[in-house]
file run_36.txt (compact mmCIF, C-alpha atoms and all ligand atoms)
# COMPACT_ATOMS: atom_id res chain seq x y z
CA MET A 1 72.10 13.03 -4.82
CA ASN A 2 71.96 16.51 -3.48
CA ASN A 3 68.81 17.26 -5.41
CA ASN A 4 67.14 14.26 -3.99
CA HIS A 5 68.07 15.31 -0.56
CA ASN A 6 66.59 18.80 -1.15
CA ASP A 7 63.35 17.37 -2.49
CA GLU A 8 62.96 15.19 0.53
CA HIS A 9 63.74 18.11 2.75
CA GLU A 10 61.12 20.32 1.10
CA GLU A 11 58.55 17.57 1.16
CA SER A 12 59.03 17.13 4.87
CA HIS A 13 58.35 20.83 5.48
CA LYS A 14 55.07 20.96 3.56
CA PRO A 15 52.02 21.02 5.77
CA PRO A 16 50.53 17.54 6.05
CA ARG A 17 47.94 16.98 3.31
CA ARG A 18 44.47 16.36 4.55
CA LYS A 19 41.82 14.60 2.60
CA GLU A 20 39.66 17.59 1.95
CA MET A 21 36.00 17.50 1.13
CA SER A 22 35.11 19.23 -2.09
CA ARG A 23 32.50 21.96 -2.08
CA ARG A 24 30.19 19.67 -4.07
CA GLN A 25 30.54 16.83 -1.55
CA PHE A 26 29.88 19.20 1.31
CA LEU A 27 26.66 20.45 -0.32
CA THR A 28 25.55 16.92 -1.16
CA TYR A 29 26.01 15.70 2.41
CA THR A 30 24.41 18.76 3.98
CA LEU A 31 21.38 18.86 1.70
CA GLY A 32 20.98 15.06 1.79
CA GLY A 33 21.06 15.03 5.58
CA ALA A 34 18.57 17.89 5.87
CA THR A 35 16.21 16.23 3.37
CA ALA A 36 16.36 12.87 5.18
CA TYR A 37 15.67 14.62 8.49
CA MET A 38 12.65 16.46 7.11
CA ALA A 39 11.33 13.32 5.37
CA ALA A 40 11.59 11.35 8.62
CA GLY A 41 9.66 14.11 10.36
CA VAL A 42 6.82 13.68 7.87
CA VAL A 43 6.86 9.91 7.39
CA ILE A 44 7.27 8.68 10.99
CA PRO A 45 4.05 10.31 12.31
CA MET A 46 2.18 8.95 9.24
CA VAL A 47 3.41 5.40 9.86
CA ARG A 48 2.56 5.73 13.53
CA PHE A 49 -0.94 6.96 12.63
CA ALA A 50 -1.50 4.06 10.21
CA VAL A 51 -0.44 1.30 12.59
CA ASP A 52 -1.77 2.79 15.81
CA PRO A 53 -4.89 0.56 16.02
CA ILE A 54 -2.62 -2.46 15.57
CA LEU A 55 -0.42 -1.32 18.46
CA GLN A 56 -3.33 -0.75 20.80
CA LYS A 57 -4.11 -3.57 23.19
CA GLY A 58 -7.43 -5.18 22.34
CA GLU A 59 -10.14 -5.43 24.96
CA ASP A 60 -10.21 -8.62 26.96
CA GLY A 61 -11.32 -11.07 24.24
CA SER A 62 -14.40 -8.87 23.65
CA PHE A 63 -16.86 -11.19 25.41
CA VAL A 64 -20.26 -9.68 26.09
CA LYS A 65 -22.41 -10.41 29.14
CA VAL A 66 -25.71 -11.67 27.73
CA VAL A 67 -27.90 -13.58 30.18
CA GLU A 68 -27.96 -15.31 33.55
CA GLY A 69 -27.00 -18.97 33.21
CA SER A 70 -30.03 -20.04 35.29
CA LYS A 71 -32.40 -18.83 32.52
CA ILE A 72 -31.01 -21.27 29.95
CA THR A 73 -33.07 -24.37 29.22
CA ALA A 74 -32.94 -27.27 26.75
CA GLU A 75 -35.33 -25.28 24.56
CA PRO A 76 -33.43 -22.67 22.47
CA GLN A 77 -34.33 -19.09 23.44
CA GLU A 78 -33.56 -15.93 21.51
CA PHE A 79 -31.38 -13.23 23.09
CA ASP A 80 -30.33 -9.91 21.56
CA PHE A 81 -27.15 -8.16 22.60
CA GLU A 82 -24.77 -5.44 21.44
CA LEU A 83 -21.15 -5.83 20.52
CA LYS A 84 -18.89 -2.78 20.42
CA GLN A 85 -16.26 -3.30 17.76
CA GLN A 86 -13.31 -1.39 16.39
CA ASP A 87 -12.29 -1.82 12.78
CA GLY A 88 -9.08 0.21 12.47
CA TRP A 89 -10.15 3.75 13.44
CA TYR A 90 -13.84 3.02 13.04
CA ASN A 91 -15.89 2.27 16.16
CA SER A 92 -19.30 0.74 15.76
CA THR A 93 -21.93 -1.21 17.63
CA ALA A 94 -23.28 -4.41 16.12
CA GLN A 95 -26.73 -5.68 17.12
CA LEU A 96 -26.47 -9.45 17.43
CA THR A 97 -28.80 -12.32 18.20
CA ALA A 98 -28.06 -15.71 19.68
CA TRP A 99 -30.27 -18.75 20.18
CA ILE A 100 -29.05 -20.16 23.48
CA SER A 101 -29.84 -23.60 24.90
CA LYS A 102 -28.33 -26.33 27.01
CA THR A 103 -27.40 -29.75 25.59
CA GLU A 104 -28.31 -33.01 27.35
CA ASP A 105 -24.89 -33.09 28.98
CA GLY A 106 -25.25 -29.55 30.28
CA GLN A 107 -23.14 -27.69 27.71
CA ILE A 108 -24.32 -24.17 26.85
CA VAL A 109 -24.78 -23.71 23.11
CA ALA A 110 -25.30 -20.26 21.59
CA LEU A 111 -26.16 -20.47 17.90
CA SER A 112 -25.92 -17.73 15.32
CA PRO A 113 -29.30 -17.22 13.60
CA VAL A 114 -27.70 -16.66 10.19
CA CYS A 115 -28.78 -19.43 7.81
CA LYS A 116 -25.85 -21.20 6.17
CA HIS A 117 -27.70 -21.34 2.85
CA LEU A 118 -27.87 -17.69 1.79
CA GLY A 119 -27.84 -15.79 5.06
CA CYS A 120 -31.51 -15.26 6.04
CA MET A 121 -32.46 -15.44 9.73
CA VAL A 122 -33.68 -18.75 11.10
CA GLY A 123 -36.30 -19.07 13.85
CA TRP A 124 -37.00 -21.82 16.37
CA ASN A 125 -40.27 -23.72 16.09
CA ASN A 126 -41.60 -21.26 13.53
CA ASN A 127 -42.95 -23.77 11.03
CA ASP A 128 -45.84 -26.07 11.99
CA SER A 129 -44.64 -28.79 9.62
CA HIS A 130 -41.27 -28.96 11.34
CA PRO A 131 -41.73 -28.71 15.11
CA ASN A 132 -38.75 -28.36 17.43
CA GLU A 133 -36.39 -27.34 14.66
CA PHE A 134 -34.77 -24.16 13.44
CA TYR A 135 -36.42 -23.20 10.17
CA CYS A 136 -35.36 -20.67 7.57
CA PRO A 137 -38.35 -19.00 5.84
CA CYS A 138 -36.36 -18.05 2.72
CA HIS A 139 -35.82 -21.46 1.10
CA GLY A 140 -36.84 -23.91 3.81
CA ALA A 141 -33.51 -24.84 5.42
CA ARG A 142 -33.94 -26.82 8.65
CA TYR A 143 -31.64 -27.44 11.60
CA THR A 144 -31.76 -29.36 14.91
CA ALA A 145 -31.59 -27.59 18.29
CA ASN A 146 -27.78 -27.93 18.17
CA GLY A 147 -27.69 -26.39 14.70
CA LYS A 148 -27.12 -29.55 12.64
CA ASN A 149 -28.25 -28.96 9.06
CA LEU A 150 -31.16 -31.23 8.03
CA ALA A 151 -32.20 -29.75 4.69
CA VAL A 152 -31.14 -27.19 2.05
CA ALA A 153 -28.22 -25.64 4.01
CA PRO A 154 -24.79 -27.16 3.34
CA GLN A 155 -23.42 -26.68 6.89
CA PRO A 156 -24.56 -26.50 10.53
CA LEU A 157 -25.39 -23.10 12.04
CA ASP A 158 -22.35 -21.28 13.40
CA MET A 159 -22.08 -20.75 17.14
CA TYR A 160 -20.70 -18.14 19.52
CA ASP A 161 -17.74 -18.73 21.76
CA VAL A 162 -19.29 -19.14 25.24
CA LYS A 163 -17.83 -18.24 28.64
CA GLU A 164 -19.62 -18.77 31.99
CA GLU A 165 -18.54 -16.54 34.83
CA GLY A 166 -20.23 -15.56 38.09
CA GLY A 167 -23.47 -17.23 37.02
CA TRP A 168 -23.63 -15.28 33.76
CA ILE A 169 -23.25 -16.35 30.13
CA TYR A 170 -20.83 -14.29 28.08
CA LEU A 171 -20.65 -14.60 24.29
CA GLY A 172 -17.59 -13.96 22.15
CA ALA A 173 -16.58 -14.54 18.55
CA ILE A 174 -18.63 -16.53 16.06
CA ILE A 175 -16.96 -19.87 15.37
CA PRO A 176 -17.81 -23.02 13.37
CA ASN A 177 -20.26 -25.37 15.07
CA THR A 178 -18.58 -28.03 17.22
CA VAL A 179 -21.65 -29.58 18.89
CA ALA A 180 -23.84 -30.55 15.92
CA LYS A 181 -23.65 -34.28 15.23
S1 LIG A 201 -31.23 -18.54 3.18
FE1 LIG A 201 -32.03 -19.91 4.54
S2 LIG A 201 -32.81 -21.43 3.27
FE2 LIG A 201 -31.93 -20.08 1.91
call {"tool": "encode", "arguments": {"input": "run_36.txt", "output": "structure tokens"}}
result
Amino acid sequence: MNNNHNDEHEESHKPPRRKEMSRRQFLTYTLGGATAYMAAGVVIPMVRFAVDPILQKGEDGSFVKVVEGSKITAEPQEFDFELKQQDGWYNSTAQLTAWISKTEDGQIVALSPVCKHLGCMVGWNNNDSHPNEFYCPCHGARYTANGKNLAVAPQPLDMYDVKEEGGWIYLGAIIPNTVAK
């Protein structure tokens, strides 16, 4: 009984036991923390560099001013223009061509000259046997003024997105033909 009492007494006078960190744990935490910190310092700028073009705001739809609307007639006319483009970090300027005309109901149509057969360039009224048509000299594909495929090519000519503003025609992305019937 007495012994028990003494034990309890001694126990109560021992300094409270703390959960102490072993030397090994201390080193593990310290080195692990330092390594993670240094790795973050290396990796975060790299990630930022890689995704930066994605984070940048694109230019306003990248439409290009091409020609005054008053110059457009029912007869397709050829216009060349430049498109500045950014592919990731790479800036370049593409030289593009559009055949622009006006449909019977006044809609502006800007056709891509790239033949839908194998990618040669079509011309308007460039073959005496097929007047008033787009004609591809490579394998004889033919299209109407609105780009509808008449021979050889499996699809109509693509067209540019068109915007009219302040009396000018602006061209944007190349899209599938929606006017050829
Ligand atoms: S590429 Fe135009 S007809 Fe073949």
call {"tool": "closest_residue", "arguments": {"input": "run_36.txt", "among": "A:Ile174, A:Ala145, A:Val162, A:Leu150", "to": "ligand LIG 201 (chain A)", "atoms": "only C-alpha atoms and all ligand atoms"}}
result
A:Leu150
call {"tool": "closest_atom_pairs", "arguments": {"input": "run_36.txt", "of": "chain A", "to": "ligand LIG 201 (chain A)", "cutoff": "9 Å", "atoms": "all atoms listed in the file", "output": "JSON lines"}}
result
{"residue": "A:Val114", "atom": "CA", "partner": "A:LIG201", "partner_atom": "FE1", "distance": 7.8}
{"residue": "A:Cys115", "atom": "CA", "partner": "A:LIG201", "partner_atom": "FE1", "distance": 4.6}
{"residue": "A:Lys116", "atom": "CA", "partner": "A:LIG201", "partner_atom": "FE1", "distance": 6.5}
{"residue": "A:His117", "atom": "CA", "partner": "A:LIG201", "partner_atom": "FE2", "distance": 4.5}
{"residue": "A:Leu118", "atom": "CA", "partner": "A:LIG201", "partner_atom": "S1", "distance": 3.7}
{"residue": "A:Gly119", "atom": "CA", "partner": "A:LIG201", "partner_atom": "S1", "distance": 4.8}
{"residue": "A:Cys120", "atom": "CA", "partner": "A:LIG201", "partner_atom": "S1", "distance": 4.4}
{"residue": "A:Met121", "atom": "CA", "partner": "A:LIG201", "partner_atom": "FE1", "distance": 6.9}
{"residue": "A:Val122", "atom": "CA", "partner": "A:LIG201", "partner_atom": "FE1", "distance": 6.9}
{"residue": "A:Tyr135", "atom": "CA", "partner": "A:LIG201", "partner_atom": "FE1", "distance": 7.9}
{"residue": "A:Cys136", "atom": "CA", "partner": "A:LIG201", "partner_atom": "FE1", "distance": 4.6}
{"residue": "A:Pro137", "atom": "CA", "partner": "A:LIG201", "partner_atom": "FE1", "distance": 6.5}
{"residue": "A:Cys138", "atom": "CA", "partner": "A:LIG201", "partner_atom": "S2", "distance": 4.9}
{"residue": "A:His139", "atom": "CA", "partner": "A:LIG201", "partner_atom": "S2", "distance": 3.7}
{"residue": "A:Gly140", "atom": "CA", "partner": "A:LIG201", "partner_atom": "S2", "distance": 4.8}
{"residue": "A:Ala141", "atom": "CA", "partner": "A:LIG201", "partner_atom": "S2", "distance": 4.1}
{"residue": "A:Arg142", "atom": "CA", "partner": "A:LIG201", "partner_atom": "S2", "distance": 7.7}
{"residue": "A:Ala151", "atom": "CA", "partner": "A:LIG201", "partner_atom": "S2", "distance": 8.5}
{"residue": "A:Val152", "atom": "CA", "partner": "A:LIG201", "partner_atom": "S2", "distance": 6.1}
{"residue": "A:Ala153", "atom": "CA", "partner": "A:LIG201", "partner_atom": "S2", "distance": 6.3}
call {"tool": "residues_around", "arguments": {"input": "run_36.txt", "residues": "stretch 61-72 of chain A", "least_positions_apart": "2", "cutoff": "7 Å", "atoms": "only C-alpha atoms", "output": "list of chain:residue names"}}
result
A:Glu59, A:Phe81, A:Leu83, A:Ile100, A:Ser101, A:Lys102, A:Gly167, A:Trp168, A:Ile169, A:Tyr170, A:Leu171, A:Gly172
